[in-house]
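To be precise, the following lines are my_file-v8.pdb, and they hold PDB, C-alpha atoms.
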```pdb
ATOM      1  CA  MET A 774       0.000   0.000   0.000
ATOM      2  CA  SER A 775       1.259   3.468  -0.903
ATOM      3  CA  GLY A 776       2.319   5.972   1.743
ATOM      4  CA  GLY A 777       0.632   8.989   0.139
ATOM      5  CA  PRO A 778      -1.068  10.402  -2.912
ATOM      6  CA  ALA A 779      -0.454   8.727  -6.259
ATOM      7  CA  ILE A 780       2.234  10.004  -8.578
ATOM      8  CA  LYS A 781       0.661  12.436 -11.056
ATOM      9  CA  ILE A 782       3.783  13.071 -13.165
ATOM     10  CA  GLN A 783       6.849  10.890 -13.410
ATOM     11  CA  ALA A 784       9.834  11.853 -15.558
ATOM     12  CA  ARG A 785      12.748   9.458 -16.009
ATOM     13  CA  ASP A 786      16.002  10.257 -17.800
ATOM     14  CA  VAL A 787      14.288  12.882 -19.963
ATOM     15  CA  ARG A 788      16.510  14.336 -22.623
ATOM     16  CA  MET A 789      15.898  17.099 -25.131
ATOM     17  CA  ASP A 790      18.498  17.831 -27.777
ATOM     18  CA  PHE A 791      18.340  20.467 -30.462
ATOM     19  CA  SER A 792      20.282  20.504 -33.691
ATOM     20  CA  ILE A 793      21.438  24.018 -34.534
ATOM     21  CA  ALA A 794      23.873  25.622 -36.946
ATOM     22  CA  ASP A 795      26.833  27.615 -35.616
ATOM     23  CA  ASP A 796      28.037  30.905 -37.110
ATOM     24  CA  ARG A 797      29.716  29.024 -39.962
ATOM     25  CA  GLY A 798      26.694  26.854 -40.743
ATOM     26  CA  ARG A 799      28.048  23.691 -39.120
ATOM     27  CA  LYS A 800      25.500  21.593 -37.260
ATOM     28  CA  GLN A 801      25.844  21.199 -33.524
ATOM     29  CA  GLN A 802      23.848  19.290 -30.929
ATOM     30  CA  ILE A 803      22.715  21.339 -27.941
ATOM     31  CA  SER A 804      21.292  19.525 -24.937
ATOM     32  CA  ALA A 805      18.556  21.510 -23.180
ATOM     33  CA  LEU A 806      17.662  18.616 -20.850
ATOM     34  CA  GLN A 807      19.848  15.712 -19.877
ATOM     35  CA  ASP A 808      19.018  12.862 -17.464
ATOM     36  CA  PHE A 809      16.113  14.873 -15.990
ATOM     37  CA  ASN A 810      14.104  12.993 -13.328
ATOM     38  CA  LEU A 811      11.224  13.956 -11.056
ATOM     39  CA  ASP A 812       8.073  12.701  -9.368
ATOM     40  CA  ILE A 813       5.123  14.988  -8.671
ATOM     41  CA  ARG A 814       2.313  13.588  -6.556
ATOM     42  CA  GLU A 815      -1.402  14.213  -7.005
ATOM     43  CA  GLY A 816      -2.377  17.535  -5.416
ATOM     44  CA  GLU A 817       1.164  18.894  -5.120
ATOM     45  CA  PHE A 818       2.060  22.445  -6.048
ATOM     46  CA  PHE A 819       5.446  22.027  -7.676
ATOM     47  CA  THR A 820       7.882  24.653  -8.926
ATOM     48  CA  ILE A 821      10.953  24.144 -11.082
ATOM     49  CA  LEU A 822      13.507  26.851 -10.390
ATOM     50  CA  GLY A 823      16.758  27.478 -12.202
ATOM     51  CA  PRO A 824      18.769  29.991 -14.198
ATOM     52  CA  SER A 825      17.731  31.151 -17.632
ATOM     53  CA  GLY A 826      18.435  28.518 -20.272
ATOM     54  CA  CYS A 827      18.534  25.503 -17.935
ATOM     55  CA  GLY A 828      15.558  23.723 -19.551
ATOM     56  CA  LYS A 829      12.574  24.702 -17.370
ATOM     57  CA  SER A 830      10.376  25.857 -20.249
ATOM     58  CA  THR A 831      11.694  23.077 -22.473
ATOM     59  CA  PHE A 832      10.493  20.489 -19.951
ATOM     60  CA  LEU A 833       7.084  22.188 -19.679
ATOM     61  CA  ASN A 834       6.773  22.256 -23.471
ATOM     62  CA  VAL A 835       7.552  18.525 -23.600
ATOM     63  CA  LEU A 836       5.127  17.838 -20.734
ATOM     64  CA  ALA A 837       2.407  19.875 -22.472
ATOM     65  CA  GLY A 838       2.930  17.935 -25.705
ATOM     66  CA  LEU A 839       4.229  20.950 -27.611
ATOM     67  CA  ALA A 840       7.691  19.457 -28.183
ATOM     68  CA  ARG A 841       8.979  15.895 -28.516
ATOM     69  CA  LYS A 842      11.656  14.735 -26.135
ATOM     70  CA  THR A 843      14.672  12.982 -27.638
ATOM     71  CA  GLY A 844      15.025  10.480 -24.802
ATOM     72  CA  GLY A 845      13.612   9.154 -21.555
ATOM     73  CA  SER A 846      10.009   8.783 -20.471
ATOM     74  CA  ILE A 847       7.236  10.924 -19.018
ATOM     75  CA  ASP A 848       4.064   9.459 -17.556
ATOM     76  CA  ILE A 849       0.986  11.398 -16.467
ATOM     77  CA  ASP A 850      -1.454   9.474 -14.284
ATOM     78  CA  GLY A 851       0.473   6.306 -15.099
ATOM     79  CA  GLN A 852       0.073   6.732 -18.879
ATOM     80  CA  PRO A 853       2.851   7.720 -21.299
ATOM     81  CA  ALA A 854       2.629  11.406 -22.158
ATOM     82  CA  SER A 855       2.397  11.901 -25.892
ATOM     83  CA  GLY A 856       1.024  14.877 -27.728
ATOM     84  CA  ILE A 857      -1.456  17.468 -26.515
ATOM     85  CA  ASN A 858      -3.397  16.482 -23.411
ATOM     86  CA  ARG A 859      -6.865  18.058 -23.284
ATOM     87  CA  HIS A 860      -6.911  17.654 -19.499
ATOM     88  CA  GLN A 861      -4.001  20.064 -19.014
ATOM     89  CA  GLY A 862      -4.075  23.814 -18.827
ATOM     90  CA  VAL A 863      -1.025  25.745 -19.973
ATOM     91  CA  VAL A 864      -0.095  29.348 -19.171
ATOM     92  CA  PHE A 865       2.679  30.422 -21.530
ATOM     93  CA  GLN A 866       5.441  32.940 -20.808
ATOM     94  CA  GLY A 867       4.123  35.130 -23.623
ATOM     95  CA  TYR A 868       0.464  34.681 -22.550
ATOM     96  CA  ALA A 869      -0.587  33.476 -26.056
ATOM     97  CA  LEU A 870      -3.741  35.609 -26.103
ATOM     98  CA  PHE A 871      -5.545  36.308 -29.360
ATOM     99  CA  PRO A 872      -5.292  40.051 -30.101
ATOM    100  CA  TRP A 873      -8.549  40.108 -32.126
ATOM    101  CA  ARG A 874     -10.539  38.603 -29.233
ATOM    102  CA  ASN A 875     -11.532  40.547 -26.143
ATOM    103  CA  VAL A 876     -10.729  39.290 -22.634
ATOM    104  CA  LEU A 877     -13.961  37.281 -22.224
ATOM    105  CA  GLN A 878     -13.559  35.740 -25.678
ATOM    106  CA  ASN A 879      -9.962  34.776 -24.849
ATOM    107  CA  ILE A 880     -11.069  33.109 -21.619
ATOM    108  CA  GLU A 881     -13.842  31.288 -23.505
ATOM    109  CA  MET A 882     -11.443  29.899 -26.120
ATOM    110  CA  GLY A 883     -10.739  26.505 -24.508
ATOM    111  CA  LEU A 884     -14.423  26.053 -23.759
ATOM    112  CA  GLU A 885     -15.329  26.934 -27.340
ATOM    113  CA  ILE A 886     -12.897  24.307 -28.639
ATOM    114  CA  ARG A 887     -14.632  21.795 -26.346
ATOM    115  CA  HIS A 888     -18.049  22.784 -27.796
ATOM    116  CA  VAL A 889     -19.406  24.145 -24.502
ATOM    117  CA  PRO A 890     -22.688  26.009 -25.174
ATOM    118  CA  ARG A 891     -22.340  29.790 -25.582
ATOM    119  CA  ARG A 892     -24.273  30.784 -22.435
ATOM    120  CA  GLU A 893     -22.276  28.373 -20.238
ATOM    121  CA  ARG A 894     -19.017  29.611 -21.809
ATOM    122  CA  ARG A 895     -19.892  33.197 -20.982
ATOM    123  CA  GLN A 896     -20.913  32.393 -17.387
ATOM    124  CA  THR A 897     -17.715  30.418 -16.829
ATOM    125  CA  ALA A 898     -15.576  33.166 -18.367
ATOM    126  CA  GLU A 899     -17.214  35.811 -16.174
ATOM    127  CA  HIS A 900     -16.648  33.643 -13.075
ATOM    128  CA  PHE A 901     -12.932  33.282 -13.802
ATOM    129  CA  LEU A 902     -12.617  36.936 -14.779
ATOM    130  CA  HIS A 903     -13.913  37.755 -11.289
ATOM    131  CA  LEU A 904     -11.648  35.117  -9.714
ATOM    132  CA  VAL A 905      -8.518  36.800 -11.116
ATOM    133  CA  GLY A 906      -9.702  40.287 -10.136
ATOM    134  CA  LEU A 907     -10.505  41.653 -13.596
ATOM    135  CA  ASP A 908     -14.185  42.539 -13.235
ATOM    136  CA  GLY A 909     -15.046  45.297 -15.695
ATOM    137  CA  PHE A 910     -12.298  44.362 -18.181
ATOM    138  CA  GLY A 911     -14.130  41.632 -20.095
ATOM    139  CA  HIS A 912     -14.677  43.724 -23.217
ATOM    140  CA  ARG A 913     -11.135  45.090 -23.363
ATOM    141  CA  TYR A 914      -8.592  43.759 -25.838
ATOM    142  CA  PRO A 915      -5.115  42.480 -24.937
ATOM    143  CA  HIS A 916      -3.369  45.645 -26.164
ATOM    144  CA  GLU A 917      -5.394  47.628 -23.614
ATOM    145  CA  LEU A 918      -4.096  45.638 -20.608
ATOM    146  CA  SER A 919      -0.959  45.738 -18.489
ATOM    147  CA  GLY A 920       1.438  42.784 -18.373
ATOM    148  CA  GLY A 921       0.048  41.633 -15.036
ATOM    149  CA  MET A 922      -3.503  41.787 -16.351
ATOM    150  CA  LEU A 923      -2.517  39.776 -19.437
ATOM    151  CA  GLN A 924      -1.010  37.166 -17.124
ATOM    152  CA  ARG A 925      -4.265  36.917 -15.175
ATOM    153  CA  VAL A 926      -6.327  36.541 -18.359
ATOM    154  CA  ALA A 927      -4.048  33.670 -19.414
ATOM    155  CA  ILE A 928      -4.479  32.039 -15.988
ATOM    156  CA  ALA A 929      -8.269  32.468 -16.137
ATOM    157  CA  ARG A 930      -8.350  30.906 -19.616
ATOM    158  CA  ALA A 931      -6.326  27.922 -18.425
ATOM    159  CA  LEU A 932      -8.508  27.389 -15.351
ATOM    160  CA  ALA A 933     -11.845  27.866 -17.155
ATOM    161  CA  TYR A 934     -12.066  24.328 -18.499
ATOM    162  CA  SER A 935     -11.152  22.681 -15.173
ATOM    163  CA  PRO A 936      -7.867  21.010 -16.145
ATOM    164  CA  SER A 937      -6.581  18.171 -13.992
ATOM    165  CA  LEU A 938      -3.073  19.599 -14.398
ATOM    166  CA  LEU A 939      -2.031  23.249 -14.706
ATOM    167  CA  LEU A 940       1.363  24.027 -16.259
ATOM    168  CA  MET A 941       2.678  27.573 -15.921
ATOM    169  CA  ALA A 942       5.801  28.713 -17.727
ATOM    170  CA  THR A 943       6.426  32.066 -16.172
ATOM    171  CA  SER A 944       9.013  33.609 -13.921
ATOM    172  CA  SER A 945       6.702  36.219 -12.461
ATOM    173  CA  CYS A 946       3.750  34.096 -11.412
ATOM    174  CA  ALA A 947       4.711  33.874  -7.741
ATOM    175  CA  TYR A 948       3.778  37.507  -7.233
ATOM    176  CA  ARG A 949       0.839  37.676  -9.588
ATOM    177  CA  CYS A 950      -0.747  34.425  -8.403
ATOM    178  CA  THR A 951      -1.194  35.901  -4.944
ATOM    179  CA  ARG A 952      -4.371  37.459  -6.335
ATOM    180  CA  LEU A 953      -5.814  33.938  -6.537
ATOM    181  CA  ARG A 954      -7.045  32.942  -3.123
ATOM    182  CA  PRO A 955      -6.605  29.155  -2.679
ATOM    183  CA  ALA A 956     -10.080  28.792  -1.193
ATOM    184  CA  SER A 957     -11.550  30.445  -4.285
ATOM    185  CA  LEU A 958     -10.102  27.763  -6.554
ATOM    186  CA  ALA A 959     -12.681  25.240  -5.333
ATOM    187  CA  TRP A 960     -15.261  26.055  -7.971
TER     188      TRP A 960
END
```
With the file now loaded, output its structure as structure tokens.
Amino acid sequence: MSGGPAIKIQARDVRMDFSIADDRGRKQQISALQDFNLDIREGEFFTILGPSGCGKSTFLNVLAGLARKTGGSIDIDGQPASGINRHQGVVFQGYALFPWRNVLQNIEMGLEIRHVPRRERRQTAEHFLHLVGLDGFGHRYPHELSGGMLQRVAIARALAYSPSLLLMATSSCAYRCTRLRPASLAW
């Protein structure tokens, strides 16, 4: 019998190599991840810290199915991770908001892809807009928001479809996430 929650994510000997050309056009192999191992248990809040260029975002991209690892294994809920997982939410460093969609429409995006009815999408988007402290900004466009507000829209969009796993590739989240009260995440 296990001594705690089940392992949600298990990474073993993960490797990610890139082939690039040097200044003279010669190909080189660059290793962004090498022999990377970790276990994250169900319900854990886990942070990967390290200097710029150490592979943090590379690992998240592999975990999110946006890049293919060149070695090792990653399991999520005991199943091999491969490709995009519709049960994961991802908050990108660059926010990845659609400039032609207003804040509510950006938050609704994941729900729209999942064919959630329009009225339910709007109610859910408004709930998460309130959760991240952006009441009154639903009809604004990304270019009208500050960096911190853009971050919160991206978080609201990721949370709106109730992912079982939330991946956040950002160095500034620790401060900005303080606006999310843990008790309020039980929706």
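Proximity to Ala779 in chain A was assessed for A:Ile849, A:Leu939, A:Leu839, A:Leu918 counting all atoms listed in the file; the smallest distance is recorded for A:Ile849.
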What's the separation between CA of Gly851 in chain A and CA of Ala927 in chain A, in Å to one decimal place?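 Computed distance, CA of Gly851 in chain A to CA of Ala927 in chain A, equals 28.1 Å.
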From A:Thr820, A:Ser919, A:Gln896, A:Ser846, residue lying nearest Tyr868 in chain A [all atoms listed in the file]: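 Among the listed residues, the smallest separation from Tyr868 in chain A belongs to A:Ser919.
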To verify the selection step, state as a list in words which residues the PyMOL selection byres ((chain A and resi 850) around 9) yields on this input.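 In the shown coordinates, the PyMOL selection byres ((chain A and resi 850) around 9) covers Ala779, Ile780, Lys781, Ile782, Gln783, Glu815, Asp848, Ile849, Gly851, Gln852 and Pro853 of chain A.
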Restricting the calculation to only C-alpha atoms, which member of A:Ala805, A:Ile847, A:Leu811, A:Ala933 is positioned closest to Lys829 in chain A? A:Ala805
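By chain and then residue number, the residues within 10 Å of Pro778 in chain A are A:Ser775, A:Lys781, A:Ile813, A:Arg814, A:Glu815, A:Gly816, A:Glu817, counting all atoms listed in the file and disregarding those fewer than 3 positions away in sequence.
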Skip Leu884 in chain A itself and residues of its chain fewer than 4 positions away, then list as a PyMOL selection string all residues within 10 Å of it, counting all atoms listed in the file. chain A and resi 878-880+888-891+893-895+897-898+930-931+933-935
For each of A:Ala794, A:Leu870, A:Ala854, A:Val787, take the minimum atom-to-atom distance to Pro915 in chain A, counting only C-alpha atoms, then give the residue where this is smallest.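 With only C-alpha atoms as the atom set, the closest residue is A:Leu870.
Taken over the shown file, the PyMOL selection byres ((chain A and resi 912) around 10) identifies Arg874, Asn875, Val876, Leu877, Gln878, Gly909, Phe910, Gly911, Arg913, Tyr914 and Pro915 of chain A.
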Counting all atoms listed in the file, the option among A:Val863, A:Met882, A:Leu923, A:Leu932 closest to Leu904 in chain A: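 Closest to Leu904 in chain A, using all atoms listed in the file: A:Leu932.
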Of the candidates A:Leu907, A:Ala784, A:Leu940, A:Val926, which shows the shortest atom-to-atom distance to Phe871 in chain A, using all atoms listed in the file?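 Looking at the shortest contact to Phe871 in chain A, the residue is A:Val926.
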Please measure the separation of CA of Arg788 in chain A and CA of Ile803 in chain A, giving the value in Å to one decimal. 10.8 Å
The PyMOL selection byres ((chain A and resi 866) around 9) applied to the shown file, residues as a ChimeraX atom specification: /A:830,864-865,867-869,924,941-944
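Atom pair CA of His903 in chain A / CA of His860 in chain A has a distance of 22.8 Å (rounded to one decimal).
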With 8 Å added on each side, what axis-aligned box encloses every listed atom of range 839-845 of chain A? Give the centre and edge lengths in Å to one decimal, as JSON.
```
{"center_x": 9.6, "center_y": 15.1, "center_z": -25.0, "size_x": 26.8, "size_y": 27.8, "size_z": 23.0}
```
Write out as a PyMOL selection string each polymer residue whose atoms come within 10 Å of Arg859 in chain A, counting only C-alpha atoms; drop sequence neighbours fewer than 6 positions from it. chain A and resi 837+883+887+934+936-938
Could you name the residues that touch Phe832 in chain A at 8 Å or less, counting only C-alpha atoms, but leaving out those on the same chain fewer than 4 positions away, as number ranges by chain? A: 806, 828, 836
Output of the above residues as a PDB file, keeping the file's coordinate frame, restricted to C-alpha atoms:
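Output file out-v4.pdb is given in full below:
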```pdb
ATOM      1  CA  LEU A 806      17.662  18.616 -20.850  1.00  0.00           C
ATOM      2  CA  GLY A 828      15.558  23.723 -19.551  1.00  0.00           C
ATOM      3  CA  LEU A 836       5.127  17.838 -20.734  1.00  0.00           C
TER       4      LEU A 836
END
```
Export range 859-886 of chain A, N, CA, C and O atoms, as a compact mmCIF listing (two decimals), in the first residue's frame; it's the structure right above.
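Writing done, so here's selection12.txt:
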```
# COMPACT_ATOMS: atom_id res chain seq x y z
N ARG A 859 -5.73 17.14 -23.46
CA ARG A 859 -6.86 18.06 -23.28
C ARG A 859 -7.25 18.25 -21.82
O ARG A 859 -8.12 19.06 -21.52
N HIS A 860 -6.61 17.52 -20.93
CA HIS A 860 -6.91 17.65 -19.50
C HIS A 860 -5.89 18.53 -18.79
O HIS A 860 -5.88 18.62 -17.57
N GLN A 861 -5.03 19.17 -19.56
CA GLN A 861 -4.00 20.06 -19.01
C GLN A 861 -4.31 21.49 -19.41
O GLN A 861 -4.78 21.75 -20.52
N GLY A 862 -4.02 22.40 -18.51
CA GLY A 862 -4.08 23.81 -18.83
C GLY A 862 -2.64 24.32 -18.90
O GLY A 862 -1.80 23.88 -18.11
N VAL A 863 -2.37 25.21 -19.82
CA VAL A 863 -1.03 25.75 -19.97
C VAL A 863 -1.10 27.28 -19.98
O VAL A 863 -1.90 27.85 -20.70
N VAL A 864 -0.26 27.89 -19.16
CA VAL A 864 -0.09 29.35 -19.17
C VAL A 864 1.31 29.60 -19.69
O VAL A 864 2.29 29.23 -19.05
N PHE A 865 1.40 30.20 -20.86
CA PHE A 865 2.68 30.42 -21.53
C PHE A 865 3.37 31.68 -21.02
O PHE A 865 2.72 32.59 -20.52
N GLN A 866 4.70 31.75 -21.19
CA GLN A 866 5.44 32.94 -20.81
C GLN A 866 4.93 34.17 -21.55
O GLN A 866 4.87 35.25 -21.00
N GLY A 867 4.58 34.00 -22.81
CA GLY A 867 4.12 35.13 -23.62
C GLY A 867 2.62 35.29 -23.64
O GLY A 867 2.09 36.01 -24.47
N TYR A 868 1.91 34.61 -22.76
CA TYR A 868 0.46 34.68 -22.55
C TYR A 868 -0.35 34.04 -23.67
O TYR A 868 -1.40 33.50 -23.41
N ALA A 869 0.09 34.11 -24.92
CA ALA A 869 -0.59 33.48 -26.06
C ALA A 869 -2.06 33.86 -26.15
O ALA A 869 -2.92 33.03 -26.43
N LEU A 870 -2.37 35.13 -25.95
CA LEU A 870 -3.74 35.61 -26.10
C LEU A 870 -3.96 36.02 -27.55
O LEU A 870 -3.03 36.42 -28.24
N PHE A 871 -5.20 35.93 -27.99
CA PHE A 871 -5.55 36.31 -29.36
C PHE A 871 -5.88 37.79 -29.39
O PHE A 871 -6.84 38.24 -28.75
N PRO A 872 -5.10 38.60 -30.13
CA PRO A 872 -5.29 40.05 -30.10
C PRO A 872 -6.63 40.51 -30.67
O PRO A 872 -7.11 41.59 -30.32
N TRP A 873 -7.28 39.73 -31.52
CA TRP A 873 -8.55 40.11 -32.13
C TRP A 873 -9.75 39.69 -31.26
O TRP A 873 -10.88 40.01 -31.59
N ARG A 874 -9.47 39.01 -30.14
CA ARG A 874 -10.54 38.60 -29.23
C ARG A 874 -10.43 39.42 -27.95
O ARG A 874 -9.33 39.65 -27.45
N ASN A 875 -11.59 39.82 -27.41
CA ASN A 875 -11.53 40.55 -26.14
C ASN A 875 -11.23 39.57 -25.00
O ASN A 875 -11.09 38.36 -25.22
N VAL A 876 -11.12 40.10 -23.79
CA VAL A 876 -10.73 39.29 -22.63
C VAL A 876 -11.69 38.12 -22.43
O VAL A 876 -11.25 36.97 -22.28
N LEU A 877 -13.00 38.37 -22.41
CA LEU A 877 -13.96 37.28 -22.22
C LEU A 877 -13.84 36.24 -23.33
O LEU A 877 -13.87 35.04 -23.06
N GLN A 878 -13.69 36.68 -24.56
CA GLN A 878 -13.56 35.74 -25.68
C GLN A 878 -12.28 34.92 -25.57
O GLN A 878 -12.27 33.75 -25.92
N ASN A 879 -11.20 35.52 -25.06
CA ASN A 879 -9.96 34.78 -24.85
C ASN A 879 -10.15 33.72 -23.77
O ASN A 879 -9.70 32.59 -23.91
N ILE A 880 -10.83 34.08 -22.69
CA ILE A 880 -11.07 33.11 -21.62
C ILE A 880 -11.96 31.98 -22.11
O ILE A 880 -11.78 30.82 -21.75
N GLU A 881 -12.91 32.28 -22.97
CA GLU A 881 -13.84 31.29 -23.50
C GLU A 881 -13.20 30.32 -24.51
O GLU A 881 -13.78 29.29 -24.82
N MET A 882 -12.03 30.64 -25.01
CA MET A 882 -11.44 29.90 -26.12
C MET A 882 -11.39 28.38 -25.89
O MET A 882 -11.82 27.60 -26.74
N GLY A 883 -10.84 27.94 -24.78
CA GLY A 883 -10.74 26.51 -24.51
C GLY A 883 -12.10 25.84 -24.41
O GLY A 883 -12.28 24.69 -24.82
N LEU A 884 -13.06 26.58 -23.87
CA LEU A 884 -14.42 26.05 -23.76
C LEU A 884 -15.07 25.95 -25.13
O LEU A 884 -15.81 25.01 -25.43
N GLU A 885 -14.79 26.94 -25.97
CA GLU A 885 -15.33 26.93 -27.34
C GLU A 885 -14.80 25.73 -28.12
O GLU A 885 -15.56 25.05 -28.82
N ILE A 886 -13.50 25.46 -27.97
CA ILE A 886 -12.90 24.31 -28.64
C ILE A 886 -13.55 23.01 -28.18
O ILE A 886 -13.70 22.07 -28.95
```
